[in-house]
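Here's work27.txt, which has compact mmCIF, C-alpha atoms:
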```txt
# COMPACT_ATOMS: atom_id res chain seq x y z
CA MET A 19 30.21 -109.77 -27.92
CA PHE A 20 27.91 -107.15 -29.50
CA PHE A 21 27.97 -103.60 -28.10
CA PRO A 22 24.73 -101.92 -29.19
CA ILE A 23 25.68 -98.31 -28.38
CA SER A 24 28.62 -98.18 -30.83
CA GLY A 25 27.23 -101.01 -32.99
CA THR A 26 30.46 -103.07 -32.92
CA HIS A 27 31.43 -106.68 -32.24
CA ILE A 28 34.52 -106.90 -29.99
CA SER A 29 35.91 -109.84 -28.03
CA PRO A 30 35.50 -109.15 -24.27
CA ILE A 31 38.79 -111.03 -23.62
CA TYR A 32 40.61 -108.55 -25.89
CA LEU A 33 39.05 -105.62 -24.01
CA ILE A 34 39.96 -107.12 -20.62
CA LEU A 35 43.56 -107.67 -21.77
CA VAL A 36 43.91 -104.08 -23.05
CA GLY A 37 42.41 -102.84 -19.78
CA PHE A 38 44.80 -105.03 -17.77
CA ILE A 39 47.93 -103.71 -19.57
CA VAL A 40 46.83 -100.07 -19.39
CA GLY A 41 45.84 -100.66 -15.74
CA ILE A 42 49.35 -101.79 -14.78
CA LEU A 43 50.87 -98.73 -16.51
CA GLY A 44 48.35 -96.42 -14.86
CA GLY A 45 48.84 -97.83 -11.37
CA PHE A 46 52.63 -97.70 -11.65
CA PHE A 47 53.19 -94.41 -13.50
CA GLY A 48 49.99 -92.46 -12.82
CA VAL A 49 49.13 -92.09 -16.50
CA GLY A 50 45.84 -92.65 -18.32
CA GLY A 51 47.45 -94.79 -21.03
CA SER A 52 45.33 -93.32 -23.82
CA PHE A 53 48.25 -93.60 -26.28
CA ILE A 54 47.83 -97.40 -26.04
CA ALA A 55 44.09 -97.81 -25.34
CA GLY A 56 42.96 -95.40 -28.10
CA PRO A 57 44.82 -97.15 -30.96
CA ALA A 58 43.94 -100.57 -29.44
CA LEU A 59 40.22 -99.76 -29.63
CA ARG A 60 40.61 -98.34 -33.13
CA LEU A 61 42.39 -101.54 -34.18
CA VAL A 62 39.22 -103.62 -33.59
CA GLY A 63 37.05 -101.29 -35.64
CA LEU A 64 35.72 -98.74 -33.15
CA ASP A 65 35.29 -95.27 -34.69
CA TRP A 66 37.77 -92.63 -33.51
CA ASN A 67 35.14 -90.55 -31.75
CA PHE A 68 33.98 -93.62 -29.76
CA ALA A 69 37.59 -94.70 -29.14
CA VAL A 70 38.45 -91.32 -27.57
CA GLY A 71 35.26 -90.96 -25.49
CA THR A 72 35.14 -94.59 -24.34
CA ASP A 73 38.83 -94.52 -23.43
CA LEU A 74 38.18 -91.49 -21.20
CA ALA A 75 35.34 -93.34 -19.42
CA HIS A 76 37.60 -96.34 -18.86
CA ILE A 77 40.34 -94.02 -17.53
CA VAL A 78 37.89 -92.78 -14.86
CA GLY A 79 37.24 -96.33 -13.63
CA LYS A 80 40.88 -97.38 -13.69
CA SER A 81 41.99 -94.22 -11.90
CA VAL A 82 39.41 -94.77 -9.14
CA VAL A 83 40.85 -98.25 -8.48
CA ALA A 84 44.51 -97.12 -8.62
CA ALA A 85 43.93 -93.92 -6.61
CA ARG A 86 42.10 -95.84 -3.84
CA ARG A 87 45.04 -98.24 -3.63
CA HIS A 88 47.57 -95.37 -3.66
CA ARG A 89 45.54 -93.60 -0.95
CA ALA A 90 45.75 -96.70 1.22
CA LEU A 91 49.55 -96.56 0.71
CA GLY A 92 49.62 -92.84 1.69
CA ASN A 93 50.46 -91.65 -1.83
CA VAL A 94 47.62 -89.15 -2.46
CA ASP A 95 47.68 -85.42 -1.64
CA LEU A 96 43.94 -84.62 -1.82
CA LYS A 97 44.39 -80.85 -1.42
CA LEU A 98 46.89 -80.66 -4.28
CA GLY A 99 44.74 -82.92 -6.47
CA LEU A 100 41.62 -80.78 -6.00
CA ILE A 101 43.48 -77.53 -6.83
CA MET A 102 45.09 -79.14 -9.88
CA ALA A 103 41.74 -80.41 -11.18
CA LEU A 104 40.59 -76.78 -11.63
CA GLY A 105 43.67 -75.87 -13.69
CA THR A 106 43.45 -79.08 -15.74
CA ILE A 107 39.81 -78.53 -16.73
CA ALA A 108 40.54 -74.91 -17.78
CA GLY A 109 43.63 -76.03 -19.73
CA ALA A 110 41.73 -78.85 -21.47
CA GLU A 111 39.08 -76.37 -22.68
CA VAL A 112 41.76 -74.00 -24.08
CA GLY A 113 43.58 -76.97 -25.71
CA ALA A 114 40.33 -78.10 -27.36
CA GLN A 115 39.74 -74.54 -28.65
CA ALA A 116 43.29 -74.48 -30.08
CA ILE A 117 42.46 -77.69 -31.98
CA GLN A 118 39.30 -76.09 -33.37
CA MET A 119 41.36 -73.06 -34.55
CA LEU A 120 43.90 -75.32 -36.28
CA LYS A 121 41.04 -77.31 -37.85
CA ARG A 122 39.67 -74.12 -39.39
CA ALA A 123 43.18 -73.21 -40.66
CA GLY A 124 43.46 -76.74 -42.13
CA HIS A 125 46.81 -77.71 -40.55
CA VAL A 126 45.60 -79.65 -37.55
CA ASN A 127 47.16 -83.08 -38.20
CA PHE A 128 50.62 -81.80 -39.12
CA VAL A 129 50.90 -79.22 -36.30
CA VAL A 130 49.57 -81.58 -33.59
CA SER A 131 51.89 -84.37 -34.77
CA VAL A 132 55.01 -82.14 -34.75
CA VAL A 133 54.14 -80.67 -31.31
CA ALA A 134 53.49 -84.18 -29.93
CA VAL A 135 56.83 -85.57 -31.20
CA ILE A 136 58.77 -82.57 -29.76
CA ILE A 137 57.00 -82.75 -26.37
CA TYR A 138 57.20 -86.56 -25.99
CA SER A 139 60.87 -86.72 -27.07
CA GLY A 140 61.78 -83.71 -24.90
CA ILE A 141 60.25 -85.28 -21.79
CA SER A 142 62.02 -88.59 -22.42
CA ILE A 143 65.46 -87.02 -23.04
CA PHE A 144 65.18 -84.82 -19.95
CA MET A 145 64.00 -87.69 -17.73
CA ILE A 146 66.80 -90.01 -18.92
CA TRP A 147 69.36 -87.31 -18.08
CA GLU A 148 67.84 -86.43 -14.71
CA SER A 149 67.08 -89.91 -13.36
CA ARG A 150 70.44 -91.36 -14.44
CA LYS A 151 72.30 -88.42 -12.89
CA THR A 152 70.29 -88.78 -9.67
CA LEU A 153 70.92 -92.55 -9.48
CA ILE A 154 74.70 -92.08 -10.01
CA TRP A 155 74.76 -89.27 -7.42
CA GLN A 156 72.80 -91.39 -4.89
CA LYS A 157 75.17 -94.34 -5.40
CA LYS A 158 78.19 -92.13 -4.63
CA ARG A 159 76.59 -90.61 -1.54
CA LEU A 160 75.35 -93.88 -0.04
CA PRO A 161 76.90 -93.95 3.44
CA ARG A 162 79.15 -96.87 4.30
CA GLY A 163 77.33 -99.67 6.07
CA SER A 164 73.86 -98.60 4.99
CA THR A 165 71.82 -101.09 3.01
CA ARG A 166 69.90 -100.65 -0.18
CA GLY A 167 66.63 -101.72 1.39
CA ALA A 168 63.05 -100.65 0.74
CA PRO A 169 63.12 -96.99 -0.31
CA SER A 170 61.29 -94.35 1.68
CA LYS A 171 59.00 -91.83 -0.04
CA LYS A 172 61.62 -89.13 0.44
CA ASP A 173 62.79 -88.31 -3.04
CA TYR A 174 66.05 -87.11 -4.59
CA SER A 175 66.47 -85.36 -7.92
CA ALA A 176 69.43 -83.91 -9.83
CA PHE A 177 66.99 -81.13 -10.77
CA GLY A 178 66.46 -80.37 -7.04
CA PRO A 179 68.18 -76.93 -6.96
CA VAL A 180 65.91 -75.62 -9.74
CA THR A 181 62.84 -77.09 -7.99
CA ARG A 182 63.82 -75.38 -4.72
CA ALA A 183 64.26 -72.07 -6.57
CA ILE A 184 60.74 -72.43 -8.01
CA GLN A 185 59.36 -73.28 -4.54
CA GLY A 186 61.11 -70.15 -3.25
CA LEU A 187 59.09 -67.87 -5.57
CA ASN A 188 56.96 -66.02 -3.05
CA ILE A 189 53.90 -65.17 -5.15
CA TRP A 190 50.78 -64.82 -2.96
CA PRO A 191 48.88 -66.96 -2.02
CA MET A 192 51.34 -69.61 -0.82
CA ILE A 193 49.75 -73.03 -0.27
CA PRO A 194 51.22 -75.44 2.30
CA LEU A 195 51.16 -79.11 1.24
CA PRO A 196 51.96 -81.07 4.40
CA THR A 197 51.06 -84.46 2.88
CA SER A 198 53.71 -83.90 0.19
CA GLY A 199 56.17 -82.49 2.73
CA ILE A 200 56.17 -79.00 1.16
CA LYS A 201 56.04 -75.94 3.43
CA GLY A 202 54.59 -73.66 0.79
CA VAL A 203 54.29 -73.29 -2.97
CA SER A 204 52.53 -70.55 -4.90
CA LEU A 205 48.95 -71.36 -5.90
CA TRP A 206 49.74 -69.91 -9.33
CA MET A 207 52.58 -72.41 -9.87
CA ILE A 208 50.21 -75.31 -9.06
CA LEU A 209 47.54 -73.92 -11.38
CA MET A 210 50.11 -73.31 -14.13
CA VAL A 211 51.41 -76.90 -13.99
CA ALA A 212 47.82 -78.21 -14.07
CA PHE A 213 46.83 -75.80 -16.86
CA VAL A 214 49.77 -76.83 -19.07
CA GLY A 215 48.96 -80.53 -18.45
CA GLY A 216 45.28 -79.90 -19.23
CA PHE A 217 46.16 -77.89 -22.35
CA PHE A 218 48.23 -80.73 -23.79
CA GLY A 219 45.50 -83.19 -22.77
CA GLY A 220 42.96 -81.17 -24.79
CA PHE A 221 45.46 -80.56 -27.61
CA LEU A 222 47.08 -83.99 -27.98
CA GLY A 223 44.27 -86.12 -26.47
CA GLY A 224 44.10 -88.33 -23.38
CA GLY A 225 44.80 -87.49 -19.76
CA ALA A 226 48.32 -85.99 -20.36
CA GLY A 227 49.73 -87.77 -17.29
CA TYR A 228 53.02 -88.06 -19.25
CA ILE A 229 53.38 -84.28 -18.85
CA ARG A 230 51.70 -83.70 -15.47
CA MET A 231 53.46 -86.41 -13.46
CA PRO A 232 57.02 -85.21 -14.38
CA SER A 233 55.95 -81.54 -13.96
CA MET A 234 54.70 -82.28 -10.42
CA VAL A 235 58.07 -83.84 -9.55
CA TYR A 236 60.40 -81.33 -11.24
CA ILE A 237 58.49 -78.04 -10.89
CA LEU A 238 56.44 -78.45 -7.70
CA GLY A 239 58.90 -80.81 -5.96
CA ILE A 240 56.30 -83.50 -5.13
CA PRO A 241 57.92 -86.87 -4.26
CA THR A 242 57.49 -89.32 -7.19
CA HIS A 243 55.23 -91.78 -5.30
CA LEU A 244 52.92 -88.94 -4.27
CA ALA A 245 52.99 -87.43 -7.77
CA VAL A 246 51.80 -90.77 -9.20
CA GLY A 247 48.97 -91.16 -6.64
CA THR A 248 47.87 -87.51 -6.74
CA ASP A 249 47.92 -87.45 -10.54
CA LEU A 250 45.57 -90.45 -10.55
CA PHE A 251 43.20 -88.73 -8.10
CA GLU A 252 43.25 -85.59 -10.25
CA ILE A 253 42.61 -87.65 -13.40
CA ILE A 254 39.36 -88.99 -11.83
CA ILE A 255 37.95 -85.45 -11.75
CA SER A 256 39.26 -84.20 -15.11
CA ALA A 257 38.49 -87.46 -16.98
CA SER A 258 34.94 -87.51 -15.49
CA TYR A 259 34.43 -84.03 -16.89
CA GLY A 260 35.80 -85.21 -20.27
CA THR A 261 33.59 -88.33 -20.20
CA PHE A 262 30.46 -86.26 -19.52
CA SER A 263 31.35 -83.84 -22.32
CA HIS A 264 31.95 -86.70 -24.81
CA ALA A 265 28.88 -88.67 -23.65
CA ILE A 266 26.47 -85.84 -24.43
CA LYS A 267 28.03 -85.67 -27.91
CA GLY A 268 27.36 -89.41 -28.37
CA ASN A 269 31.02 -90.52 -28.22
CA VAL A 270 30.93 -92.94 -25.25
CA ASP A 271 30.06 -96.66 -25.28
CA ILE A 272 29.93 -97.21 -21.55
CA LEU A 273 29.45 -101.00 -21.94
CA ILE A 274 32.89 -101.29 -23.60
CA ALA A 275 34.43 -99.14 -20.84
CA LEU A 276 32.84 -101.32 -18.14
CA VAL A 277 34.28 -104.50 -19.70
CA MET A 278 37.76 -102.90 -20.06
CA ASN A 279 37.58 -101.79 -16.46
CA THR A 280 37.28 -105.36 -15.16
CA GLY A 281 40.81 -106.04 -16.48
CA ALA A 282 42.08 -102.59 -15.50
CA ALA A 283 40.92 -103.05 -11.89
CA ILE A 284 43.34 -105.88 -11.25
CA GLY A 285 46.13 -104.36 -13.39
CA ALA A 286 45.91 -101.02 -11.58
CA GLN A 287 46.21 -102.77 -8.19
CA ILE A 288 49.33 -104.63 -9.33
CA GLY A 289 50.85 -101.41 -10.71
CA ALA A 290 50.08 -99.39 -7.58
CA ILE A 291 51.48 -102.01 -5.19
CA SER A 292 54.62 -102.36 -7.36
CA THR A 293 55.57 -98.69 -6.82
CA GLN A 294 56.43 -99.56 -3.21
CA TYR A 295 59.37 -101.67 -4.39
CA PHE A 296 61.05 -98.93 -6.46
CA ALA A 297 62.72 -95.65 -5.53
CA GLY A 298 61.56 -92.39 -7.18
CA PRO A 299 64.46 -92.06 -9.71
CA LYS A 300 63.96 -95.69 -10.82
CA ILE A 301 60.24 -95.09 -11.42
CA ARG A 302 61.14 -91.97 -13.42
CA LEU A 303 63.74 -93.88 -15.48
CA ALA A 304 61.24 -96.67 -16.19
CA PHE A 305 58.72 -93.99 -17.27
CA VAL A 306 60.98 -92.87 -20.18
CA PRO A 307 59.80 -95.44 -22.81
CA LEU A 308 56.14 -94.33 -22.47
CA PRO A 309 56.43 -90.88 -24.11
CA LEU A 310 58.90 -92.39 -26.62
CA LEU A 311 56.27 -94.98 -27.56
CA GLY A 312 53.76 -92.15 -27.96
CA ALA A 313 56.24 -90.29 -30.22
CA ALA A 314 56.82 -93.45 -32.31
CA ILE A 315 53.04 -93.88 -32.82
CA VAL A 316 52.70 -90.23 -33.91
CA ILE A 317 55.69 -90.46 -36.32
CA TYR A 318 54.17 -93.63 -37.80
CA THR A 319 50.79 -91.97 -38.38
CA LEU A 320 52.51 -88.87 -39.82
CA PHE A 321 54.50 -90.85 -42.42
CA ALA A 322 51.87 -93.49 -43.10
CA GLY A 323 49.35 -90.70 -43.69
CA HIS A 324 46.57 -92.32 -41.64
CA LYS A 325 45.65 -93.01 -38.06
CA LEU A 326 46.13 -96.48 -36.58
CA MET B 6 62.94 -117.04 -0.96
CA LYS B 7 61.83 -119.39 -3.77
CA ASN B 8 59.12 -120.82 -1.50
CA GLU B 9 57.82 -117.33 -0.80
CA ALA B 10 57.71 -116.45 -4.50
CA ALA B 11 55.88 -119.69 -5.29
CA LYS B 12 53.39 -118.95 -2.51
CA THR B 13 52.76 -115.45 -3.83
CA LEU B 14 52.32 -116.74 -7.39
CA ARG B 15 49.90 -119.45 -6.22
CA ALA B 16 47.89 -116.90 -4.25
CA PHE B 17 47.80 -114.63 -7.29
CA ALA B 18 46.66 -117.49 -9.58
CA ILE B 19 43.83 -118.40 -7.15
CA GLU B 20 42.82 -114.76 -6.93
CA LEU B 21 42.73 -114.43 -10.73
CA THR B 22 40.60 -117.59 -11.09
CA ILE B 23 38.03 -116.44 -8.51
CA TYR B 24 38.03 -112.99 -10.05
CA ALA B 25 37.51 -114.40 -13.59
CA VAL B 26 34.48 -116.45 -12.45
CA LEU B 27 32.94 -113.44 -10.68
CA VAL B 28 33.56 -111.16 -13.67
CA THR B 29 31.95 -113.68 -16.08
CA VAL B 30 28.83 -113.84 -13.86
CA TYR B 31 28.87 -110.04 -13.73
CA PHE B 32 28.98 -109.81 -17.57
CA PHE B 33 25.95 -112.02 -18.02
CA LEU B 34 23.91 -110.52 -15.21
CA VAL B 35 24.63 -106.80 -15.37
CA LEU B 36 25.82 -106.00 -18.89
CA HIS B 37 23.18 -108.17 -20.58
CA LEU B 38 20.39 -106.63 -18.50
CA LEU B 39 21.66 -103.05 -18.76
CA GLY B 40 22.61 -103.11 -22.47
CA THR B 41 19.19 -102.42 -23.98
CA TRP B 42 18.26 -99.82 -21.33
CA LEU B 43 21.55 -97.93 -21.74
CA ASN B 44 21.24 -98.00 -25.53
CA GLY B 45 17.77 -96.43 -25.30
CA LEU B 46 19.01 -93.85 -22.84
CA GLU B 47 21.93 -92.95 -25.14
CA ILE B 48 19.55 -92.34 -28.05
CA HIS B 49 16.76 -90.44 -26.25
CA HIS B 50 18.22 -88.86 -23.08
CA ARG B 51 21.89 -87.95 -23.63
CA TYR B 52 22.37 -85.91 -20.42
CA THR B 53 20.89 -88.68 -18.25
CA TYR B 54 23.03 -91.21 -20.12
CA ALA B 55 26.18 -89.14 -19.46
CA ALA B 56 25.43 -88.94 -15.71
CA VAL B 57 24.51 -92.66 -15.51
CA ALA B 58 27.70 -93.59 -17.43
CA ILE B 59 29.93 -91.81 -14.91
CA LEU B 60 28.04 -93.25 -11.93
CA LEU B 61 28.27 -96.77 -13.41
CA ILE B 62 32.02 -96.63 -14.12
CA ILE B 63 32.85 -95.16 -10.68
CA GLY B 64 30.48 -97.58 -8.92
CA GLN B 65 31.96 -100.57 -10.75
CA ALA B 66 35.51 -99.40 -9.96
CA VAL B 67 34.76 -99.07 -6.22
CA LEU B 68 33.06 -102.49 -6.24
CA LEU B 69 35.95 -104.19 -8.07
CA GLU B 70 38.59 -102.52 -5.90
CA THR B 71 36.79 -103.67 -2.74
CA LEU B 72 36.42 -107.17 -4.20
CA THR B 73 40.09 -107.52 -5.24
CA THR B 74 41.31 -106.12 -1.90
CA PHE B 75 39.03 -108.59 -0.07
CA LEU B 76 40.30 -111.48 -2.21
CA ILE B 77 43.94 -110.51 -1.62
CA ARG B 78 43.33 -110.32 2.14
CA ILE B 79 41.51 -113.67 2.30
CA ILE B 80 43.96 -115.59 0.07
CA ARG B 81 47.16 -114.08 1.50
CA GLY B 82 45.79 -114.58 5.02
CA ARG B 83 45.20 -118.27 4.40
CA SER B 84 48.54 -118.88 2.66
CA GLU B 85 50.53 -117.39 5.56
```
Transcribe the structure of this file into structure tokens.
Amino acid sequence: MFFPISGTHISPIYLILVGFIVGILGGFFGVGGSFIAGPALRLVGLDWNFAVGTDLAHIVGKSVVAARRHRALGNVDLKLGLIMALGTIAGAEVGAQAIQMLKRAGHVNFVVSVVAVIIYSGISIFMIWESRKTLIWQKKRLPRGSTRGAPSKKDYSAFGPVTRAIQGLNIWPMIPLPTSGIKGVSLWMILMVAFVGGFFGGFLGGGAGYIRMPSMVYILGIPTHLAVGTDLFEIIISASYGTFSHAIKGNVDILIALVMNTGAAIGAQIGAISTQYFAGPKIRLAFVPLPLLGAAIVIYTLFAGHKL
Amino acid sequence: MKNEAAKTLRAFAIELTIYAVLVTVYFFLVLHLLGTWLNGLEIHHRYTYAAVAILLIIGQAVLLETLTTFLIRIIRGRSE
């Protein structure tokens, strides 16, 4: 199939398949999946600028589908998502400026690659430790006679004491988040988490769900199911902003994104529904390979000396 | 248990088939008709193109989500 905007020939079945896989990951983990979709688009000959911009447009569509499904399941905190969108957009702008500075200094590829490997590996190591410890702790505490049935949205974390200490920081204004079951958390903590996520999104590319989703769980204390759903809702706003910004620079082939989205729509539904069958720590443990995969791709490009 | 799994898989296969047919029709009707217009817009009116691109992707997502939810409801309803 010929796509006139980017001037490329790509099989629509390939695009639907990529969309489907990224859709499942997005619906289940609340991530954009740009570390898979970007290289997958590049692999079939799309220029990097089009791969990045088109991927963002596709992320908007996929997140709409997954967030609507998560909302139906009661997994979206709209208030939190709207506040976070502000911090994410500001962070993304600062991240993009940092890239421009490094470009001028001439070290952009090396610095970004090293930062990416450290961040991705750090997240994975921490989440393996935390989720395994929580699962072992939960197993020990399981009361006699109770069954291991469908898990509720109430979440447990071995990092809980630190999270509660952060929630206890009384820095005005305190924002109540009843949907997430949180009495009050400082607005500045929410904005900081969103800003850091946005910064790495602008700095490393993509939606940075691999940073924001764990940060929402461990720093703000949002239950994992709600963190996944709210992150997707927040991604709709921040990725729409990114899509608009890339589209006016001529980096978006919307026809490719629309085709990818047909596969992503069904994948995202499957992913979102699947979260109901797993407890929070198990979702977090299953999340671990994603940043590791991202780190492996970066290490490959660093040593091979070219992008995929 | 096995019967239930087989039922779910069958329902999912039917859903995918109906969905594939609808998506193919959608490709030929919408993408073919919109392609030339969007290409022109992208060359001459970038800001309009950017706004239209976001509206299209969100509109398509809402449409597909409604469609898949409807299909799931219809097929699961019949199989039960």
Next item on the list: Residues of chain A no more than 7 Å from chain B, counting all atoms listed in the file: send them over as a ChimeraX atom specification.
Entry: /A:22-23,78-80,82-83,258,262,265-266,272-273,276,283
Next item on the list: Please identify all polymer residues lying at most 12 Å from the point (32.0, -112.1, -26.5) (file coordinates), using only C-alpha atoms, and present the result as a VMD selection string.
Entry: (chain A and resid 19 to 21 26 to 34 274 277) or (chain B and resid 29 32 to 33 36 to 37)
Next item on the list: Grab the CA of Ser131 (chain A) to CA of Phe217 (chain A) distance for me, in Å with one decimal place.
Entry: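 Interatomic distance, CA of Ser131 (chain A) to CA of Phe217 (chain A): 15.1 Å.
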Checklist line | Close residues, Arg230 (chain A) itself excluded, 7 Å, only C-alpha atoms, min 3 positions apart in chain, as a PyMOL selection string | finding: chain A and resi 211-212+215+226-227+233-234
Next item on the list: Using CA of Ile291 (chain A) and CA of Leu244 (chain A) as the two end points, give the distance in Å to one decimal.
Entry: 13.2 Å
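As for CA of Arg15 (chain B) and CA of Ile42 (chain A), they are spaced 19.6 Å apart.
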So for region 40-48 of chain B, what box centre and size do we get, axis-aligned, 8 Å extra on each of the six sides, every listed atom, Å to one decimal, as AutoDock Vina command-line options?
```
--center_x 20.2 --center_y -97.7 --center_z -24.7 --size_x 20.8 --size_y 26.8 --size_z 22.7
```
Margin query: Excluding Gly105 (chain A) and its own-chain neighbours fewer than 6 positions away, which residues fall within 7 Å of it when counting all atoms listed in the file? Please give them as number ranges by chain.
Written below: A: 209-210, 212-213
Next item on the list: Tell me which of A:Thr280, A:Asn188, A:Thr293, A:Ser198 sits closest to Leu27 (chain B), counting only C-alpha atoms.
Entry: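 Closest to Leu27 (chain B) of all the choices is A:Thr280.
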Check: At a cut-off of 12 Å from (49.7, -76.2, 1.0) in the coordinates of the file, what residues are picked up using only C-alpha atoms, written as a ChimeraX atom specification?
Finding: /A:95-101,185,191-205,207-208,238,240
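Residues in contact with region 311-315 of chain A at up to 8 Å, not including ones fewer than 5 positions away on its chain and judged by only C-alpha atoms, are A:Phe53, A:Ala134, A:Val135, A:Tyr138, A:Ser139.
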Could I get region 18-38 of chain B rebuilt with N, CA and C atoms, written as an mmCIF file, in the coordinates of the input?
```cif
data_model
loop_
_atom_site.group_PDB
_atom_site.id
_atom_site.type_symbol
_atom_site.label_atom_id
_atom_site.label_comp_id
_atom_site.auth_asym_id
_atom_site.auth_seq_id
_atom_site.Cartn_x
_atom_site.Cartn_y
_atom_site.Cartn_z
ATOM 1 N N ALA B 18 47.390 -116.654 -8.619
ATOM 2 C CA ALA B 18 46.660 -117.490 -9.580
ATOM 3 C C ALA B 18 45.253 -117.802 -9.053
ATOM 4 N N ILE B 19 45.154 -118.118 -7.749
ATOM 5 C CA ILE B 19 43.830 -118.400 -7.150
ATOM 6 C C ILE B 19 42.953 -117.156 -7.232
ATOM 7 N N GLU B 20 43.562 -116.028 -6.914
ATOM 8 C CA GLU B 20 42.820 -114.760 -6.930
ATOM 9 C C GLU B 20 42.278 -114.469 -8.335
ATOM 10 N N LEU B 21 43.147 -114.692 -9.350
ATOM 11 C CA LEU B 21 42.730 -114.430 -10.730
ATOM 12 C C LEU B 21 41.581 -115.350 -11.147
ATOM 13 N N THR B 22 41.643 -116.622 -10.728
ATOM 14 C CA THR B 22 40.600 -117.590 -11.090
ATOM 15 C C THR B 22 39.257 -117.170 -10.481
ATOM 16 N N ILE B 23 39.277 -116.851 -9.172
ATOM 17 C CA ILE B 23 38.030 -116.440 -8.510
ATOM 18 C C ILE B 23 37.493 -115.164 -9.167
ATOM 19 N N TYR B 24 38.395 -114.269 -9.442
ATOM 20 C CA TYR B 24 38.030 -112.990 -10.050
ATOM 21 C C TYR B 24 37.405 -113.211 -11.439
ATOM 22 N N ALA B 25 38.015 -114.124 -12.238
ATOM 23 C CA ALA B 25 37.510 -114.400 -13.590
ATOM 24 C C ALA B 25 36.084 -114.953 -13.534
ATOM 25 N N VAL B 26 35.828 -115.869 -12.582
ATOM 26 C CA VAL B 26 34.480 -116.450 -12.450
ATOM 27 C C VAL B 26 33.475 -115.349 -12.096
ATOM 28 N N LEU B 27 33.830 -114.513 -11.113
ATOM 29 C CA LEU B 27 32.940 -113.440 -10.680
ATOM 30 C C LEU B 27 32.660 -112.438 -11.801
ATOM 31 N N VAL B 28 33.716 -112.131 -12.582
ATOM 32 C CA VAL B 28 33.560 -111.160 -13.670
ATOM 33 C C VAL B 28 32.653 -111.729 -14.772
ATOM 34 N N THR B 29 32.796 -113.044 -15.061
ATOM 35 C CA THR B 29 31.950 -113.680 -16.080
ATOM 36 C C THR B 29 30.477 -113.602 -15.654
ATOM 37 N N VAL B 30 30.210 -113.921 -14.382
ATOM 38 C CA VAL B 30 28.830 -113.840 -13.860
ATOM 39 C C VAL B 30 28.329 -112.404 -13.986
ATOM 40 N N TYR B 31 29.214 -111.468 -13.672
ATOM 41 C CA TYR B 31 28.870 -110.040 -13.730
ATOM 42 C C TYR B 31 28.476 -109.637 -15.157
ATOM 43 N N PHE B 32 29.275 -110.117 -16.161
ATOM 44 C CA PHE B 32 28.980 -109.810 -17.570
ATOM 45 C C PHE B 32 27.549 -110.214 -17.915
ATOM 46 N N PHE B 33 27.244 -111.491 -17.599
ATOM 47 C CA PHE B 33 25.950 -112.020 -18.020
ATOM 48 C C PHE B 33 24.789 -111.353 -17.276
ATOM 49 N N LEU B 34 24.995 -111.110 -16.002
ATOM 50 C CA LEU B 34 23.910 -110.520 -15.210
ATOM 51 C C LEU B 34 23.714 -109.040 -15.514
ATOM 52 N N VAL B 35 24.759 -108.262 -15.302
ATOM 53 C CA VAL B 35 24.630 -106.800 -15.370
ATOM 54 C C VAL B 35 24.639 -106.259 -16.795
ATOM 55 N N LEU B 36 25.694 -106.590 -17.561
ATOM 56 C CA LEU B 36 25.820 -106.000 -18.890
ATOM 57 C C LEU B 36 24.666 -106.407 -19.812
ATOM 58 N N HIS B 37 24.269 -107.689 -19.736
ATOM 59 C CA HIS B 37 23.180 -108.170 -20.580
ATOM 60 C C HIS B 37 21.875 -107.441 -20.234
ATOM 61 N N LEU B 38 21.632 -107.279 -18.926
ATOM 62 C CA LEU B 38 20.390 -106.630 -18.500
ATOM 63 C C LEU B 38 20.397 -105.126 -18.782
#
```
